[in-house]
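Structure file start.csv (CSV, N, CA and C atoms) follows.
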chain,number,residue,atom,x,y,z
A,16,GLN,N,152.2,58.3,105.3
A,16,GLN,CA,152.6,59.4,106.1
A,16,GLN,C,151.3,60.0,106.8
A,17,VAL,N,151.5,60.3,108.0
A,17,VAL,CA,150.4,60.9,108.8
A,17,VAL,C,150.7,62.3,109.1
A,18,GLN,N,149.8,63.2,108.6
A,18,GLN,CA,149.9,64.6,108.9
A,18,GLN,C,149.1,65.0,110.1
A,19,LEU,N,149.7,65.7,111.1
A,19,LEU,CA,149.0,66.1,112.3
A,19,LEU,C,149.0,67.6,112.4
A,20,VAL,N,147.9,68.1,112.8
A,20,VAL,CA,147.7,69.6,112.9
A,20,VAL,C,147.2,69.9,114.3
A,21,GLU,N,147.9,70.7,115.1
A,21,GLU,CA,147.5,71.2,116.4
A,21,GLU,C,146.8,72.5,116.2
A,22,SER,N,145.9,72.8,117.1
A,22,SER,CA,145.3,74.2,117.2
A,22,SER,C,144.8,74.4,118.6
A,23,GLY,N,144.5,75.7,118.9
A,23,GLY,CA,143.9,76.0,120.2
A,23,GLY,C,144.8,76.7,121.2
A,24,GLY,N,146.1,76.8,120.8
A,24,GLY,CA,147.0,77.5,121.7
A,24,GLY,C,146.6,79.0,121.8
A,25,GLY,N,147.3,79.7,122.7
A,25,GLY,CA,147.1,81.1,122.9
A,25,GLY,C,147.6,81.6,124.2
A,26,LEU,N,147.3,82.9,124.5
A,26,LEU,CA,147.7,83.5,125.7
A,26,LEU,C,146.5,83.4,126.7
A,27,VAL,N,146.8,83.0,127.9
A,27,VAL,CA,145.8,82.9,129.0
A,27,VAL,C,146.4,83.3,130.3
A,28,GLN,N,145.5,83.8,131.2
A,28,GLN,CA,146.0,84.2,132.5
A,28,GLN,C,146.1,82.9,133.4
A,29,PRO,N,147.0,83.0,134.4
A,29,PRO,CA,147.1,81.9,135.4
A,29,PRO,C,145.7,81.5,135.9
A,30,GLY,N,145.4,80.2,136.0
A,30,GLY,CA,144.1,79.8,136.5
A,30,GLY,C,143.1,79.6,135.4
A,31,GLY,N,143.5,80.0,134.2
A,31,GLY,CA,142.6,79.9,133.0
A,31,GLY,C,142.7,78.5,132.4
A,32,SER,N,141.9,78.4,131.3
A,32,SER,CA,141.8,77.1,130.6
A,32,SER,C,142.1,77.3,129.1
A,33,LEU,N,142.6,76.3,128.5
A,33,LEU,CA,142.7,76.2,127.0
A,33,LEU,C,142.3,74.8,126.6
A,34,ARG,N,141.9,74.7,125.3
A,34,ARG,CA,141.5,73.4,124.8
A,34,ARG,C,142.3,73.2,123.5
A,35,LEU,N,143.3,72.3,123.5
A,35,LEU,CA,144.1,72.0,122.3
A,35,LEU,C,143.4,70.9,121.6
A,36,SER,N,143.5,71.0,120.2
A,36,SER,CA,143.0,69.9,119.4
A,36,SER,C,144.1,69.4,118.5
A,37,CYS,N,144.1,68.1,118.2
A,37,CYS,CA,145.0,67.5,117.3
A,37,CYS,C,144.1,66.7,116.2
A,38,THR,N,144.3,67.1,115.0
A,38,THR,CA,143.5,66.4,113.9
A,38,THR,C,144.5,66.0,112.8
A,39,SER,N,143.9,65.2,111.9
A,39,SER,CA,144.7,64.7,110.8
A,39,SER,C,143.9,64.8,109.5
A,40,PRO,N,144.3,65.5,108.5
A,40,PRO,CA,143.4,65.7,107.3
A,40,PRO,C,143.3,64.4,106.5
A,41,GLY,N,144.3,63.5,106.6
A,41,GLY,CA,144.2,62.3,105.7
A,41,GLY,C,144.2,61.0,106.4
A,42,SER,N,144.2,61.0,107.8
A,42,SER,CA,144.3,59.7,108.5
A,42,SER,C,143.3,59.6,109.6
A,43,THR,N,142.9,58.4,110.0
A,43,THR,CA,142.0,58.2,111.0
A,43,THR,C,142.7,58.1,112.4
A,44,LEU,N,142.6,59.1,113.2
A,44,LEU,CA,143.4,59.1,114.4
A,44,LEU,C,143.0,58.0,115.4
A,45,ASP,N,141.8,57.4,115.3
A,45,ASP,CA,141.4,56.4,116.2
A,45,ASP,C,142.3,55.1,116.1
A,46,TYR,N,143.0,55.0,115.0
A,46,TYR,CA,144.0,53.9,114.8
A,46,TYR,C,145.3,54.1,115.5
A,47,TYR,N,145.5,55.3,116.0
A,47,TYR,CA,146.8,55.6,116.6
A,47,TYR,C,146.8,56.0,118.1
A,48,VAL,N,147.9,55.6,118.7
A,48,VAL,CA,148.2,56.2,120.0
A,48,VAL,C,148.6,57.6,119.8
A,49,ILE,N,148.0,58.5,120.5
A,49,ILE,CA,148.3,60.0,120.4
A,49,ILE,C,148.9,60.5,121.7
A,50,GLY,N,150.1,61.0,121.6
A,50,GLY,CA,150.8,61.6,122.7
A,50,GLY,C,150.8,63.1,122.6
A,51,TRP,N,150.8,63.8,123.7
A,51,TRP,CA,151.0,65.2,123.8
A,51,TRP,C,152.3,65.5,124.5
A,52,PHE,N,153.1,66.3,123.9
A,52,PHE,CA,154.4,66.7,124.5
A,52,PHE,C,154.4,68.3,124.5
A,53,ARG,N,155.4,68.8,125.3
A,53,ARG,CA,155.6,70.2,125.3
A,53,ARG,C,157.1,70.5,125.4
A,54,GLN,N,157.4,71.7,124.9
A,54,GLN,CA,158.8,72.1,125.0
A,54,GLN,C,158.8,73.6,125.4
A,55,ALA,N,159.4,73.9,126.5
A,55,ALA,CA,159.6,75.3,126.9
A,55,ALA,C,160.9,75.8,126.5
A,56,PRO,N,161.1,77.1,126.3
A,56,PRO,CA,162.4,77.7,125.9
A,56,PRO,C,163.5,77.2,126.8
A,57,GLY,N,164.6,76.7,126.2
A,57,GLY,CA,165.7,76.3,126.9
A,57,GLY,C,165.6,75.0,127.6
A,58,LYS,N,164.5,74.3,127.4
A,58,LYS,CA,164.3,73.0,128.1
A,58,LYS,C,164.0,71.9,127.1
A,59,GLU,N,164.2,70.7,127.5
A,59,GLU,CA,164.0,69.5,126.7
A,59,GLU,C,162.5,69.3,126.5
A,60,ARG,N,162.1,68.6,125.4
A,60,ARG,CA,160.7,68.3,125.2
A,60,ARG,C,160.3,67.2,126.3
A,61,GLU,N,159.1,67.4,126.8
A,61,GLU,CA,158.6,66.5,127.9
A,61,GLU,C,157.2,66.0,127.5
A,62,ALA,N,157.0,64.8,128.0
A,62,ALA,CA,155.7,64.1,127.7
A,62,ALA,C,154.6,64.7,128.7
A,63,VAL,N,153.5,65.0,128.2
A,63,VAL,CA,152.4,65.6,129.0
A,63,VAL,C,151.3,64.6,129.2
A,64,SER,N,150.8,63.9,128.1
A,64,SER,CA,149.7,63.0,128.2
A,64,SER,C,149.7,62.1,127.0
A,65,CYS,N,148.9,61.1,127.1
A,65,CYS,CA,148.8,60.1,126.1
A,65,CYS,C,147.4,59.4,126.1
A,66,ILE,N,146.9,59.1,125.0
A,66,ILE,CA,145.6,58.3,124.9
A,66,ILE,C,145.9,57.1,123.9
A,67,THR,N,145.6,56.0,124.4
A,67,THR,CA,145.9,54.8,123.6
A,67,THR,C,144.8,54.5,122.5
A,68,ASN,N,145.0,53.6,121.7
A,68,ASN,CA,144.1,53.3,120.6
A,68,ASN,C,143.4,52.0,120.7
A,69,ASN,N,143.5,51.3,121.8
A,69,ASN,CA,142.9,50.0,121.8
A,69,ASN,C,142.1,49.8,123.1
A,70,ASP,N,141.6,50.8,123.7
A,70,ASP,CA,140.8,50.6,124.9
A,70,ASP,C,139.6,51.5,124.9
A,71,ARG,N,138.5,51.0,125.0
A,71,ARG,CA,137.2,51.8,124.9
A,71,ARG,C,136.7,52.2,126.2
A,72,ASN,N,137.3,51.7,127.3
A,72,ASN,CA,136.9,52.2,128.6
A,72,ASN,C,137.3,53.6,128.9
A,73,GLU,N,136.4,54.4,129.3
A,73,GLU,CA,136.6,55.8,129.5
A,73,GLU,C,137.7,56.1,130.5
A,74,ASP,N,137.9,55.2,131.4
A,74,ASP,CA,138.9,55.5,132.5
A,74,ASP,C,140.2,54.9,132.3
A,75,ARG,N,140.4,54.1,131.2
A,75,ARG,CA,141.6,53.4,130.9
A,75,ARG,C,142.2,54.0,129.7
A,76,GLY,N,143.5,53.7,129.5
A,76,GLY,CA,144.2,54.1,128.2
A,76,GLY,C,144.5,55.6,128.2
A,77,LYS,N,144.5,56.2,129.3
A,77,LYS,CA,144.9,57.6,129.4
A,77,LYS,C,146.0,57.8,130.4
A,78,TYR,N,147.0,58.6,130.0
A,78,TYR,CA,148.1,58.7,130.9
A,78,TYR,C,148.5,60.2,131.0
A,79,TYR,N,149.0,60.6,132.2
A,79,TYR,CA,149.4,62.0,132.4
A,79,TYR,C,150.7,62.1,133.2
A,80,ALA,N,151.4,63.2,132.9
A,80,ALA,CA,152.6,63.5,133.7
A,80,ALA,C,152.1,64.0,135.0
A,81,ASP,N,152.9,63.7,136.0
A,81,ASP,CA,152.5,64.1,137.4
A,81,ASP,C,152.3,65.6,137.5
A,82,SER,N,153.0,66.4,136.7
A,82,SER,CA,152.9,67.9,136.8
A,82,SER,C,151.5,68.4,136.3
A,83,VAL,N,150.8,67.5,135.5
A,83,VAL,CA,149.5,68.0,134.9
A,83,VAL,C,148.3,67.2,135.4
A,84,LYS,N,148.6,66.1,136.2
A,84,LYS,CA,147.5,65.2,136.6
A,84,LYS,C,146.5,66.0,137.5
A,85,GLY,N,145.2,65.8,137.2
A,85,GLY,CA,144.2,66.5,137.9
A,85,GLY,C,143.8,67.9,137.2
A,86,ARG,N,144.6,68.3,136.3
A,86,ARG,CA,144.4,69.6,135.7
A,86,ARG,C,144.1,69.5,134.2
A,87,PHE,N,144.8,68.5,133.6
A,87,PHE,CA,144.6,68.2,132.1
A,87,PHE,C,143.8,67.0,131.9
A,88,THR,N,143.1,67.0,130.8
A,88,THR,CA,142.3,65.8,130.4
A,88,THR,C,142.4,65.5,129.0
A,89,VAL,N,142.7,64.3,128.6
A,89,VAL,CA,142.9,63.9,127.2
A,89,VAL,C,141.6,63.1,126.8
A,90,SER,N,141.2,63.3,125.6
A,90,SER,CA,140.0,62.6,125.1
A,90,SER,C,140.0,62.5,123.6
A,91,ARG,N,139.1,61.7,123.1
A,91,ARG,CA,138.9,61.6,121.6
A,91,ARG,C,137.5,62.0,121.2
A,92,ASP,N,137.4,62.7,120.1
A,92,ASP,CA,136.2,63.0,119.4
A,92,ASP,C,136.3,62.3,118.1
A,93,ASN,N,135.9,61.1,118.0
A,93,ASN,CA,136.1,60.3,116.8
A,93,ASN,C,135.2,60.8,115.6
A,94,ALA,N,134.1,61.4,116.0
A,94,ALA,CA,133.2,62.0,114.9
A,94,ALA,C,133.9,63.1,114.2
A,95,LYS,N,134.8,63.8,114.9
A,95,LYS,CA,135.6,64.9,114.3
A,95,LYS,C,137.0,64.5,114.0
A,96,ASN,N,137.3,63.2,114.2
A,96,ASN,CA,138.7,62.8,114.0
A,96,ASN,C,139.7,63.7,114.7
A,97,THR,N,139.4,63.9,116.0
A,97,THR,CA,140.2,64.8,116.8
A,97,THR,C,140.6,64.2,118.2
A,98,VAL,N,141.8,64.6,118.6
A,98,VAL,CA,142.1,64.3,120.0
A,98,VAL,C,142.3,65.6,120.7
A,99,ILE,N,141.7,65.7,121.9
A,99,ILE,CA,141.6,67.0,122.6
A,99,ILE,C,142.4,66.9,123.9
A,100,LEU,N,143.1,68.0,124.2
A,100,LEU,CA,143.8,68.1,125.5
A,100,LEU,C,143.1,69.3,126.1
A,101,GLN,N,142.3,69.1,127.1
A,101,GLN,CA,141.7,70.1,127.9
A,101,GLN,C,142.6,70.5,129.0
A,102,MET,N,143.0,71.7,129.1
A,102,MET,CA,143.9,72.2,130.1
A,102,MET,C,143.3,73.2,131.0
A,103,ASN,N,143.1,72.9,132.3
A,103,ASN,CA,142.5,73.8,133.3
A,103,ASN,C,143.5,74.2,134.3
A,104,SER,N,143.2,75.2,135.1
A,104,SER,CA,144.0,75.7,136.2
A,104,SER,C,145.5,75.9,135.7
A,105,LEU,N,145.6,76.5,134.6
A,105,LEU,CA,146.9,76.7,134.0
A,105,LEU,C,147.8,77.5,134.8
A,106,LYS,N,149.1,77.2,134.8
A,106,LYS,CA,150.2,77.9,135.6
A,106,LYS,C,151.2,78.4,134.6
A,107,PRO,N,151.9,79.4,135.0
A,107,PRO,CA,153.0,80.0,134.2
A,107,PRO,C,154.0,78.9,133.7
A,108,GLU,N,154.2,77.9,134.5
A,108,GLU,CA,155.2,76.9,134.1
A,108,GLU,C,154.6,75.9,133.1
A,109,ASP,N,153.4,76.1,132.7
A,109,ASP,CA,152.8,75.3,131.6
A,109,ASP,C,153.1,76.0,130.2
A,110,THR,N,153.7,77.2,130.3
A,110,THR,CA,154.0,77.9,129.0
A,110,THR,C,155.0,77.0,128.2
A,111,ALA,N,154.7,76.8,127.0
A,111,ALA,CA,155.5,75.9,126.1
A,111,ALA,C,154.9,75.8,124.7
A,112,VAL,N,155.6,75.3,123.8
A,112,VAL,CA,155.0,74.8,122.5
A,112,VAL,C,154.5,73.4,122.8
A,113,TYR,N,153.2,73.2,122.4
A,113,TYR,CA,152.6,71.9,122.6
A,113,TYR,C,152.5,71.1,121.3
A,114,TYR,N,152.9,69.9,121.3
A,114,TYR,CA,152.9,69.0,120.1
A,114,TYR,C,152.1,67.8,120.3
A,115,CYS,N,151.4,67.4,119.3
A,115,CYS,CA,150.8,66.0,119.3
A,115,CYS,C,151.6,65.1,118.4
A,116,ALA,N,151.6,63.9,118.8
A,116,ALA,CA,152.4,62.9,118.1
A,116,ALA,C,151.6,61.6,118.0
A,117,ALA,N,152.0,60.8,117.0
A,117,ALA,CA,151.2,59.5,116.7
A,117,ALA,C,152.1,58.3,116.5
A,118,THR,N,151.6,57.2,116.9
A,118,THR,CA,152.2,55.9,116.6
A,118,THR,C,151.2,54.8,116.8
A,119,GLN,N,151.4,53.7,116.1
A,119,GLN,CA,150.5,52.6,116.2
A,119,GLN,C,150.8,51.6,117.3
A,120,LYS,N,152.1,51.6,117.7
A,120,LYS,CA,152.5,50.7,118.8
A,120,LYS,C,153.4,51.5,119.7
A,121,ILE,N,153.3,51.2,121.0
A,121,ILE,CA,154.1,51.9,121.9
A,121,ILE,C,154.4,51.1,123.1
A,122,ALA,N,155.6,51.2,123.6
A,122,ALA,CA,156.0,50.5,124.8
A,122,ALA,C,156.1,51.5,126.0
A,123,GLY,N,156.5,52.7,125.8
A,123,GLY,CA,156.6,53.7,126.9
A,123,GLY,C,156.1,55.0,126.4
A,124,TRP,N,155.0,55.5,126.9
A,124,TRP,CA,154.3,56.6,126.3
A,124,TRP,C,155.1,57.9,126.5
A,125,THR,N,156.0,58.0,127.4
A,125,THR,CA,156.7,59.2,127.6
A,125,THR,C,158.0,59.3,126.7
A,126,ASP,N,158.3,58.3,126.0
A,126,ASP,CA,159.5,58.3,125.2
A,126,ASP,C,159.2,58.8,123.8
A,127,GLU,N,159.7,60.0,123.5
A,127,GLU,CA,159.3,60.7,122.3
A,127,GLU,C,159.8,59.9,121.1
A,128,TYR,N,160.8,59.1,121.2
A,128,TYR,CA,161.3,58.3,120.1
A,128,TYR,C,160.4,57.1,119.7
A,129,GLN,N,159.4,56.9,120.5
A,129,GLN,CA,158.4,55.9,120.2
A,129,GLN,C,157.4,56.4,119.1
A,130,TYR,N,157.3,57.7,118.9
A,130,TYR,CA,156.3,58.2,118.1
A,130,TYR,C,156.9,58.5,116.7
A,131,ASP,N,156.0,58.2,115.7
A,131,ASP,CA,156.5,58.2,114.3
A,131,ASP,C,156.1,59.5,113.6
A,132,TYR,N,155.1,60.2,114.0
A,132,TYR,CA,154.6,61.4,113.3
A,132,TYR,C,154.3,62.5,114.4
A,133,TRP,N,154.7,63.7,113.9
A,133,TRP,CA,154.6,64.9,114.8
A,133,TRP,C,153.9,66.0,114.1
A,134,GLY,N,153.1,66.8,114.9
A,134,GLY,CA,152.6,68.1,114.3
A,134,GLY,C,153.6,69.2,114.4
A,135,GLN,N,153.2,70.4,114.0
A,135,GLN,CA,154.1,71.5,114.0
A,135,GLN,C,154.2,72.2,115.3
A,136,GLY,N,153.2,72.0,116.2
A,136,GLY,CA,153.1,72.6,117.5
A,136,GLY,C,152.2,73.8,117.5
A,137,THR,N,151.8,74.1,118.7
A,137,THR,CA,151.0,75.3,119.0
A,137,THR,C,151.4,75.9,120.3
A,138,GLN,N,151.6,77.2,120.3
A,138,GLN,CA,152.1,78.0,121.5
A,138,GLN,C,151.1,78.2,122.5
A,139,VAL,N,151.4,77.8,123.7
A,139,VAL,CA,150.6,78.1,124.9
A,139,VAL,C,151.4,79.0,125.8
A,140,THR,N,150.9,80.2,126.2
A,140,THR,CA,151.5,81.1,127.0
A,140,THR,C,150.6,81.4,128.2
A,141,VAL,N,151.1,81.2,129.4
A,141,VAL,CA,150.3,81.5,130.6
A,141,VAL,C,151.0,82.6,131.3
A,142,SER,N,150.3,83.8,131.3
A,142,SER,CA,150.9,85.0,131.9
A,142,SER,C,149.9,86.0,132.3
A,143,SER,N,150.1,86.7,133.3
A,143,SER,CA,149.2,87.8,133.7
A,143,SER,C,149.6,89.1,133.1

Take the structure from the file and write it as structure tokens.
Amino acid sequence: QVQLVESGGGLVQPGGSLRLSCTSPGSTLDYYVIGWFRQAPGKEREAVSCITNNDRNEDRGKYYADSVKGRFTVSRDNAKNTVILQMNSLKPEDTAVYYCAATQKIAGWTDEYQYDYWGQGTQVTVSS
């Protein structure tokens, strides 16, 4: 069993930034594909970003939803066993609970059913 813990959410004004972290107390995240999803009130959960586990090239193995491309960046800090979602130029429509999820094999990164383990989520609110 892989335990995932998200942190870094909060309240930020439009145009601001937040840095979300996903870590695991008992597992090495570098072995896993890590996806970020979000769910806004009254809406279905949607895929935000993904970083794969088998590509060391900085420019490959990272995927983004069109709605966040150019504003969000996903990365790994293996020394801290952490996956980071850096969110810049935040908009009110980014308001949601953000989840990280893990799997060791994946066919479609946007499909939440491909992921075996989920964190509890962290609230992000973008409002003036």

Item to check | Those of segment 23-139 of chain A in DSSP helix (DSSP H, G or I), formatted as a ChimeraX atom specification | outcome: /A:44-46,93-95,107-109,127-129

Checklist entry - Given the choices A:Thr140, A:Glu108, A:Leu35, A:Gln16, which gets closest to Lys58 of chain A if the distance is worked out from only C-alpha atoms? => result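 For Lys58 of chain A, the nearest of the given residues is A:Glu108.
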
Compile a residue-level contact table for segment 46-100 of chain A against segment 122-138 of chain A at a cut-off of 7 Å, reporting for every qualifying residue the shortest atom pair and its distance in Å to one decimal, with only N, CA and C atoms counted, rows ordered by chain and ascending number, as a tab-separated table.
residue	atom	partner	partner_atom	distance
A:Gly50	CA	A:Trp124	C	6.8
A:Glu61	C	A:Thr125	C	6.8
A:Ala62	CA	A:Thr125	CA	5.0
A:Val63	N	A:Thr125	CA	6.7
A:Ser64	C	A:Trp124	C	6.9
A:Cys65	CA	A:Trp124	CA	6.5

Next on the checklist: Let me make sure I understand: among A:Ser32, A:Thr118, A:Ser39, A:Ser90, which one has the smallest atom-to-atom distance to Lys77 of chain A if we use only C-alpha atoms?
Outcome noted: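 Between A:Ser32, A:Thr118, A:Ser39, A:Ser90, the residue approaching Lys77 of chain A most closely is A:Ser90.
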
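Restricting the calculation to only C-alpha atoms, the smallest distance between Ala111 of chain A and any of A:Val27, A:Ile99, A:Val141, A:Leu19 is found for A:Val141.
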
Checklist entry - What is the atom CA of Gly41 of chain A to atom CA of Asn96 of chain A distance in Å? => result 10.0 Å

Checklist entry - So how many Å separate atom CA of Pro29 of chain A and atom C of Gln101 of chain A, to one decimal? => result 13.8 Å

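Closest to Arg86 of chain A among A:Asn68, A:Asn103, A:Thr110, A:Gln18 is A:Asn103, based on only C-alpha atoms.
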
Working from the structure I just supplied, which lacks atoms in segment 75-86 of chain A, can you model all heavy atoms there and output them as a short mmCIF file (atom, residue, chain, number, x, y, z; two decimals), in the frame of the given file?
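New file rebuild-v6.cif:
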data_model
loop_
_atom_site.label_atom_id
_atom_site.label_comp_id
_atom_site.auth_asym_id
_atom_site.auth_seq_id
_atom_site.Cartn_x
_atom_site.Cartn_y
_atom_site.Cartn_z
N ARG A 75 140.40 54.10 131.20
CA ARG A 75 141.60 53.40 130.90
C ARG A 75 142.20 54.00 129.70
O ARG A 75 141.55 54.57 128.84
CB ARG A 75 141.43 51.93 130.86
CG ARG A 75 140.97 51.33 132.17
CD ARG A 75 140.46 49.92 131.98
NE ARG A 75 141.48 49.05 131.46
CZ ARG A 75 141.22 47.79 131.07
NH1 ARG A 75 139.99 47.33 131.13
NH2 ARG A 75 142.18 47.03 130.61
N GLY A 76 143.50 53.70 129.50
CA GLY A 76 144.20 54.10 128.20
C GLY A 76 144.50 55.60 128.20
O GLY A 76 144.71 56.08 127.09
N LYS A 77 144.50 56.20 129.30
CA LYS A 77 144.90 57.60 129.40
C LYS A 77 146.00 57.80 130.40
O LYS A 77 145.89 57.26 131.49
CB LYS A 77 143.67 58.50 129.72
CG LYS A 77 142.51 58.39 128.74
CD LYS A 77 141.33 59.23 129.18
CE LYS A 77 140.17 59.06 128.20
NZ LYS A 77 138.99 59.87 128.61
N TYR A 78 147.00 58.60 130.00
CA TYR A 78 148.10 58.70 130.90
C TYR A 78 148.50 60.20 131.00
O TYR A 78 148.33 60.97 130.04
CB TYR A 78 149.33 57.94 130.38
CG TYR A 78 149.01 56.48 130.19
CD1 TYR A 78 148.53 56.00 128.97
CD2 TYR A 78 149.14 55.58 131.24
CE1 TYR A 78 148.21 54.67 128.80
CE2 TYR A 78 148.82 54.23 131.08
CZ TYR A 78 148.35 53.80 129.86
OH TYR A 78 148.02 52.48 129.70
N TYR A 79 149.00 60.60 132.20
CA TYR A 79 149.40 62.00 132.40
C TYR A 79 150.70 62.10 133.20
O TYR A 79 151.00 61.29 134.02
CB TYR A 79 148.27 62.67 133.25
CG TYR A 79 146.90 62.63 132.61
CD1 TYR A 79 146.00 61.63 132.94
CD2 TYR A 79 146.52 63.58 131.67
CE1 TYR A 79 144.74 61.57 132.34
CE2 TYR A 79 145.28 63.54 131.07
CZ TYR A 79 144.40 62.53 131.41
OH TYR A 79 143.16 62.47 130.82
N ALA A 80 151.40 63.20 132.90
CA ALA A 80 152.60 63.50 133.70
C ALA A 80 152.10 64.00 135.00
O ALA A 80 151.02 64.54 135.16
CB ALA A 80 153.38 64.60 132.98
N ASP A 81 152.90 63.70 136.00
CA ASP A 81 152.50 64.10 137.40
C ASP A 81 152.30 65.60 137.50
O ASP A 81 151.39 66.07 138.24
CB ASP A 81 153.64 63.76 138.39
CG ASP A 81 153.71 62.26 138.64
OD1 ASP A 81 152.74 61.54 138.30
OD2 ASP A 81 154.74 61.80 139.16
N SER A 82 153.00 66.40 136.70
CA SER A 82 152.90 67.90 136.80
C SER A 82 151.50 68.40 136.30
O SER A 82 151.14 69.52 136.53
CB SER A 82 153.98 68.52 135.97
OG SER A 82 153.95 68.10 134.61
N VAL A 83 150.80 67.50 135.50
CA VAL A 83 149.50 68.00 134.90
C VAL A 83 148.30 67.20 135.40
O VAL A 83 147.16 67.50 135.13
CB VAL A 83 149.53 68.02 133.40
CG1 VAL A 83 150.73 68.81 132.89
CG2 VAL A 83 149.52 66.61 132.83
N LYS A 84 148.60 66.10 136.20
CA LYS A 84 147.50 65.20 136.60
C LYS A 84 146.50 66.00 137.50
O LYS A 84 146.87 66.81 138.35
CB LYS A 84 148.14 64.11 137.45
CG LYS A 84 147.33 62.83 137.48
CD LYS A 84 148.12 61.70 138.10
CE LYS A 84 149.25 61.24 137.20
NZ LYS A 84 149.99 60.08 137.75
N GLY A 85 145.20 65.80 137.20
CA GLY A 85 144.20 66.50 137.90
C GLY A 85 143.80 67.90 137.20
O GLY A 85 142.79 68.45 137.58
N ARG A 86 144.60 68.30 136.30
CA ARG A 86 144.40 69.60 135.70
C ARG A 86 144.10 69.50 134.20
O ARG A 86 143.32 70.19 133.59
CB ARG A 86 145.55 70.58 135.84
CG ARG A 86 145.88 70.90 137.28
CD ARG A 86 146.94 72.00 137.39
NE ARG A 86 148.22 71.62 136.82
CZ ARG A 86 148.83 72.28 135.85
NH1 ARG A 86 148.29 73.35 135.32
NH2 ARG A 86 150.01 71.86 135.39
#
